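Written out below as structure tokens is the structure these notes cover.
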Amino acid sequence: MPPSFLTSRPYLRVLSVARFKLVAIFLLVSTVLLFTSYSWGSIKTIASEKLRLDDDDNSPDYWAWDTRIQVTLKVGATESAARINASMDGVTACIDNLFVVADQATELHGHQVHDVLADIAPFAKEINATDFQLYEALQRGDSNIGGEAGWKLDRFKFLPMIEQAKKKNPVAEWFVFLETDTYFVWDNVFRLLDQFDPYAPHYFGSPSPGFKLDGGNRVWFAYGGAGFILSRGAMEMLTDRKIGKYGEYIDPSLSEKYMEVVNQDCCGDSVLGFALWEAGVKLSGLWPMFNAHSLHGIPFDHVHWCQPVISLHKSLLSDVTGLAKWEAQRSKKNPLLYSEIIDYLQLGHLEDRNEWDNGDFSGFIEPAQSPAHESLAACRKACHEHKECFSFTYDSKKTCVFVRTIRLGQAKKLGDGSLTAGWDNEKILAWRESHHCEAPLWVKPSISRIF
Ligand SMILES: *[C@@H]1O[C@H](CO)[C@@H](O)[C@H](O)[C@H]1NC(C)=O
Ligand SMILES: *[C@@H]1O[C@H](CO)[C@@H](O)[C@H](O)[C@H]1NC(C)=O
């Protein structure tokens, strides 16, 4: 009999005993590696889960997890209604116990929105009356408020959000936090969490450099836009408070404790990373699974291929709802990998697009004397002949940009029709054909493998 922690993993349940042993040994070894070699630069798997062809649809198991996972969506009063709608009609529509926090108590899509600043407002106003003018205005029902002010207020929301999420669902094993421009692939979120002990301190996300420490080192934090996840263990360490002889709290709450630090910093996600670090919880950087790229901006290559997609940031609103629908229809037999999400974008089957740029990331320009710069046709031909070129953007003012990756990019209207993007479909299809994923690469935590 396999130990129960492994049988509770739906995708391992069907493994034969022999394979199970191999997997168990691998998990043990990889867990040891995981914790001894924290900053391994290259992509390594943390589990040797094989892509399976038999029926192993796990979605029903996971969707029964709703009390074990608390999902919290942070909204800003100055955000566009269209963006909020795309998130709540698409990404979070399927989350039954969604907890929505904002800088104003209201109702959105049937959810009571919790005013996450209410508790700290009296104290915070004393610290930064200017930044809290917006909050005051919102409470008065004033709606003529700029986005810049909303951004300044946003940093104050992170720590109260953490405390409120814990109060909302004190029995949760995992706390997932996202913003309205975060896309989460929930099936993969569940598959990821299923591999870890929630009572150990985990802080998962896309690593970003934050606070400078004495000696030049930096604290790494999870970039808020890509979403992040805290285990119950991490939450306990973060929100732990000393008590006196009657059991009363004798030190300030998390929000109060870091109020001045938040005030002095630009960003709440960075301060959260610092508070976690001070509490003894280090970031487990899981890029590229947690990703700050948008869907149309993903530069498909070895780094974005057999890795499961967990989050994306700032995707087009049409993609947010479109991808959610596409995902709902796909088989959940296997985790969604980058190599599959490429189908949604139809890369490998695209015609040229005018007023479009696919080279504003991972693009490179050949020397000025290269014949590639002569015309669109020359650019296409030179790209085809260049080993590292999969896509290109031609500027009719005679610049050919090669793109090292398979990348959709986006419309860029300069008004003069000078930009045209193209894709070497033949090479793209050949690359896909020769890069089948044997197994998902659940990357192990690293802070040197970064966005
Ligand atoms: C957002 O959704 C609400 C509720 O469904 C709707 O009333 C509103 O018109 C939508 N706004 C936009 C900009 O799409
Ligand atoms: C309030 O916050 C702003 C940044 O949003 C900062 O420039 C200013 O110094 C702060 N005011 C005080 C009194 O700390």
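Identifiers for the structure tokens are assigned positionally: chains receive A, B, ... in sequence, residues are indexed from 1 per chain, and ligands are indexed from 1 in the order shown.
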
Enumerate as an mmCIF file with N, CA and C atoms, in the first residue's frame all residues of stretch 24-228 of chain A assigned to strand (DSSP E) by DSSP on the backbone, naming them with the chain letters and numbers the document uses.
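Now in part-v4.cif:
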data_model
loop_
_atom_site.group_PDB
_atom_site.id
_atom_site.type_symbol
_atom_site.label_atom_id
_atom_site.label_comp_id
_atom_site.auth_asym_id
_atom_site.auth_seq_id
_atom_site.Cartn_x
_atom_site.Cartn_y
_atom_site.Cartn_z
ATOM 1 N N ILE A 69 -8.833 25.742 0.284
ATOM 2 C CA ILE A 69 -8.131 26.823 -0.404
ATOM 3 C C ILE A 69 -8.957 28.097 -0.293
ATOM 4 N N GLN A 70 -8.347 29.150 0.217
ATOM 5 C CA GLN A 70 -9.048 30.423 0.256
ATOM 6 C C GLN A 70 -8.475 31.329 -0.829
ATOM 7 N N VAL A 71 -9.327 31.682 -1.785
ATOM 8 C CA VAL A 71 -8.886 32.551 -2.874
ATOM 9 C C VAL A 71 -9.349 33.977 -2.570
ATOM 10 N N THR A 72 -8.409 34.914 -2.631
ATOM 11 C CA THR A 72 -8.725 36.314 -2.353
ATOM 12 C C THR A 72 -8.378 37.176 -3.559
ATOM 13 N N LEU A 73 -9.345 37.923 -4.016
ATOM 14 C CA LEU A 73 -9.155 38.821 -5.160
ATOM 15 C C LEU A 73 -9.078 40.256 -4.654
ATOM 16 N N LYS A 74 -8.012 40.953 -5.020
ATOM 17 C CA LYS A 74 -7.854 42.350 -4.603
ATOM 18 C C LYS A 74 -8.240 43.271 -5.752
ATOM 19 N N PHE A 99 -13.152 35.559 -1.943
ATOM 20 C CA PHE A 99 -13.169 36.667 -0.996
ATOM 21 C C PHE A 99 -12.662 37.896 -1.750
ATOM 22 N N VAL A 100 -13.495 38.911 -1.875
ATOM 23 C CA VAL A 100 -13.102 40.091 -2.652
ATOM 24 C C VAL A 100 -12.809 41.235 -1.701
ATOM 25 N N VAL A 101 -11.627 41.796 -1.819
ATOM 26 C CA VAL A 101 -11.272 42.930 -0.968
ATOM 27 C C VAL A 101 -10.987 44.153 -1.835
ATOM 28 N N ALA A 102 -11.308 45.329 -1.297
ATOM 29 C CA ALA A 102 -11.078 46.569 -2.035
ATOM 30 C C ALA A 102 -10.936 47.712 -1.041
ATOM 31 N N THR A 106 -18.569 47.371 -1.081
ATOM 32 C CA THR A 106 -19.569 47.467 -2.146
ATOM 33 C C THR A 106 -19.990 46.047 -2.516
ATOM 34 N N GLU A 107 -20.674 45.910 -3.644
ATOM 35 C CA GLU A 107 -21.019 44.579 -4.112
ATOM 36 C C GLU A 107 -20.607 44.442 -5.561
ATOM 37 N N LEU A 108 -19.982 43.337 -5.894
ATOM 38 C CA LEU A 108 -19.547 43.109 -7.272
ATOM 39 C C LEU A 108 -19.920 41.689 -7.677
ATOM 40 N N HIS A 111 -20.853 39.318 -5.089
ATOM 41 C CA HIS A 111 -19.970 39.164 -3.928
ATOM 42 C C HIS A 111 -19.991 40.437 -3.085
ATOM 43 N N GLN A 112 -20.100 40.255 -1.769
ATOM 44 C CA GLN A 112 -19.925 41.381 -0.866
ATOM 45 C C GLN A 112 -18.448 41.728 -0.875
ATOM 46 N N VAL A 113 -18.115 42.965 -1.211
ATOM 47 C CA VAL A 113 -16.708 43.355 -1.249
ATOM 48 C C VAL A 113 -16.317 43.930 0.101
ATOM 49 N N HIS A 114 -15.252 43.376 0.657
ATOM 50 C CA HIS A 114 -14.817 43.802 1.986
ATOM 51 C C HIS A 114 -13.888 45.008 1.879
ATOM 52 N N ASP A 115 -14.186 46.047 2.650
ATOM 53 C CA ASP A 115 -13.308 47.225 2.705
ATOM 54 C C ASP A 115 -12.106 46.866 3.573
ATOM 55 N N TRP A 174 -4.403 26.596 2.219
ATOM 56 C CA TRP A 174 -3.680 27.422 1.244
ATOM 57 C C TRP A 174 -4.429 28.730 1.043
ATOM 58 N N PHE A 175 -3.674 29.801 0.902
ATOM 59 C CA PHE A 175 -4.263 31.120 0.658
ATOM 60 C C PHE A 175 -3.720 31.648 -0.664
ATOM 61 N N VAL A 176 -4.618 31.788 -1.622
ATOM 62 C CA VAL A 176 -4.238 32.217 -2.962
ATOM 63 C C VAL A 176 -4.662 33.676 -3.127
ATOM 64 N N PHE A 177 -3.759 34.522 -3.609
ATOM 65 C CA PHE A 177 -4.064 35.941 -3.770
ATOM 66 C C PHE A 177 -3.859 36.351 -5.222
ATOM 67 N N LEU A 178 -4.835 37.050 -5.758
ATOM 68 C CA LEU A 178 -4.674 37.529 -7.125
ATOM 69 C C LEU A 178 -5.280 38.906 -7.287
ATOM 70 N N GLU A 179 -4.932 39.537 -8.410
ATOM 71 C CA GLU A 179 -5.457 40.857 -8.737
ATOM 72 C C GLU A 179 -6.314 40.719 -9.978
ATOM 73 N N THR A 182 -4.675 39.313 -13.052
ATOM 74 C CA THR A 182 -3.988 38.020 -12.943
ATOM 75 C C THR A 182 -4.874 36.940 -13.558
ATOM 76 N N TYR A 183 -4.294 36.074 -14.354
ATOM 77 C CA TYR A 183 -5.032 34.902 -14.841
ATOM 78 C C TYR A 183 -4.457 33.682 -14.128
ATOM 79 N N PHE A 184 -5.313 32.895 -13.493
ATOM 80 C CA PHE A 184 -4.842 31.658 -12.869
ATOM 81 C C PHE A 184 -5.404 30.451 -13.607
ATOM 82 N N TYR A 203 5.752 30.028 0.260
ATOM 83 C CA TYR A 203 5.395 31.334 -0.324
ATOM 84 C C TYR A 203 5.775 31.221 -1.795
ATOM 85 N N PHE A 204 4.769 30.970 -2.630
ATOM 86 C CA PHE A 204 5.000 30.691 -4.048
ATOM 87 C C PHE A 204 4.652 31.895 -4.913
ATOM 88 N N GLY A 205 5.461 32.134 -5.929
ATOM 89 C CA GLY A 205 5.137 33.200 -6.870
ATOM 90 C C GLY A 205 6.280 33.448 -7.831
ATOM 91 N N PRO A 207 9.440 35.442 -8.781
ATOM 92 C CA PRO A 207 10.367 36.207 -7.947
ATOM 93 C C PRO A 207 10.747 37.567 -8.522
ATOM 94 N N SER A 208 10.814 38.531 -7.619
ATOM 95 C CA SER A 208 11.185 39.882 -7.990
ATOM 96 C C SER A 208 12.089 40.414 -6.872
ATOM 97 N N PRO A 209 13.152 41.171 -7.211
ATOM 98 C CA PRO A 209 14.064 41.647 -6.162
ATOM 99 C C PRO A 209 13.455 42.802 -5.383
ATOM 100 N N GLY A 210 13.513 42.732 -4.059
ATOM 101 C CA GLY A 210 12.911 43.763 -3.223
ATOM 102 C C GLY A 210 13.918 44.431 -2.311
ATOM 103 N N PHE A 211 13.612 44.442 -1.036
ATOM 104 C CA PHE A 211 14.421 45.163 -0.047
ATOM 105 C C PHE A 211 15.897 44.805 -0.113
ATOM 106 N N LYS A 212 16.727 45.845 -0.034
ATOM 107 C CA LYS A 212 18.171 45.625 0.063
ATOM 108 C C LYS A 212 18.529 45.386 1.518
ATOM 109 N N ARG A 218 19.511 40.886 -1.343
ATOM 110 C CA ARG A 218 18.159 41.418 -1.468
ATOM 111 C C ARG A 218 17.154 40.405 -0.971
ATOM 112 N N VAL A 219 16.026 40.932 -0.537
ATOM 113 C CA VAL A 219 14.903 40.077 -0.184
ATOM 114 C C VAL A 219 14.098 39.882 -1.464
ATOM 115 N N TRP A 220 13.714 38.657 -1.745
ATOM 116 C CA TRP A 220 12.914 38.392 -2.940
ATOM 117 C C TRP A 220 11.450 38.305 -2.562
ATOM 118 N N PHE A 221 10.624 38.907 -3.382
ATOM 119 C CA PHE A 221 9.186 38.848 -3.107
ATOM 120 C C PHE A 221 8.456 38.335 -4.340
ATOM 121 N N ALA A 222 7.246 37.886 -4.124
ATOM 122 C CA ALA A 222 6.431 37.403 -5.239
ATOM 123 C C ALA A 222 5.726 38.597 -5.868
ATOM 124 N N PHE A 228 0.103 35.134 -5.974
ATOM 125 C CA PHE A 228 1.012 34.390 -5.100
ATOM 126 C C PHE A 228 0.194 33.539 -4.140
#

- [ ] Produce as an MDAnalysis selection string the set of residues near ligand 1, where near means within 10 Å with only C-alpha atoms and all ligand atoms considered.
- [x] chainID A and resid 80:86 88:89 108:110

Task: Atomic separation - atom CA of A:Gly227 relative to atom CA of A:Leu323, Å - done: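 That distance, rounded to one decimal, is 17.3 Å.
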
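Here atom CA of A:Ile127 is placed at a distance of 26.1 Å from atom CA of A:Gly225.
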
Task: stretch 390-404 of chain A surroundings by only C-alpha atoms, 6 Å radius, close-in-sequence under 4 positions cut, as a PyMOL selection string - done: chain A and resi 357+359+362-365+373-374+376+379+418-424

Near ligand 2, 8 Å: chain A residue rows, closest pairs, only C-alpha atoms and all ligand atoms, as a tab-separated table:
residue	atom	partner	partner_atom_place_in_ligand_line	distance
A:Ile127	CA	ligand 2	13 (C)	6.0
A:Asn128	CA	ligand 2	12 (C)	4.7
A:Ala129	CA	ligand 2	13 (C)	6.9
A:Thr130	CA	ligand 2	1 (C)	6.0
A:Asp131	CA	ligand 2	1 (C)	5.5
A:Lys152	CA	ligand 2	5 (O)	4.9
A:Leu153	CA	ligand 2	5 (O)	7.5
A:Asn263	CA	ligand 2	2 (O)	5.7
A:Gln264	CA	ligand 2	14 (O)	6.7
A:Asp265	CA	ligand 2	4 (C)	7.6
A:Cys266	CA	ligand 2	4 (C)	6.9

Write out the residues from the selection above, keeping C-alpha atoms, as a JSON list (two decimals), in the first residue's frame.
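Full text of selection_27.json as output:
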[["chain", "number", "residue", "atom", "x", "y", "z"],
["A", 127, "ILE", "CA", 0.86, 58.29, 8.93],
["A", 128, "ASN", "CA", -0.05, 59.48, 5.45],
["A", 129, "ALA", "CA", -3.04, 61.77, 5.32],
["A", 130, "THR", "CA", -2.28, 62.68, 1.69],
["A", 131, "ASP", "CA", -2.47, 59.14, 0.37],
["A", 152, "LYS", "CA", -0.68, 54.90, -4.02],
["A", 153, "LEU", "CA", -3.43, 53.56, -1.79],
["A", 263, "ASN", "CA", 4.40, 54.15, 3.85],
["A", 264, "GLN", "CA", 8.06, 54.48, 2.89],
["A", 265, "ASP", "CA", 7.87, 51.89, 0.10],
["A", 266, "CYS", "CA", 6.24, 51.96, -3.30]]

- [ ] For atom CA of A:Cys383 and atom CA of A:Gly415, determine how far apart the two atoms are, in Å to one decimal place.
- [x]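 Distance reported for this atom pair: 25.5 Å.
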
Open item on the list: Taking 6 positions as the minimum chain separation for residues in the same chain, which residues sit within 9 Å of A:Lys314 when counting only C-alpha atoms? Answer as an NGL selection string.
Closed with: :A and (180-183 or 225-226 or 292-295 or 320)

Would you output that residue set with C-alpha atoms, as a compact mmCIF listing (two decimals), in the first residue's frame?
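And here's result.txt as it stands now:
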# COMPACT_ATOMS: atom_id res chain seq x y z
CA THR A 180 -7.94 41.67 -11.46
CA ASP A 181 -5.25 41.42 -14.13
CA THR A 182 -3.99 38.02 -12.94
CA TYR A 183 -5.03 34.90 -14.84
CA GLY A 225 0.44 40.92 -10.57
CA ALA A 226 1.38 37.29 -11.21
CA ALA A 292 4.44 38.17 -15.36
CA HIS A 293 3.99 37.72 -19.12
CA SER A 294 0.60 38.26 -20.69
CA LEU A 295 -0.88 35.49 -22.81
CA VAL A 320 -9.01 36.49 -20.23
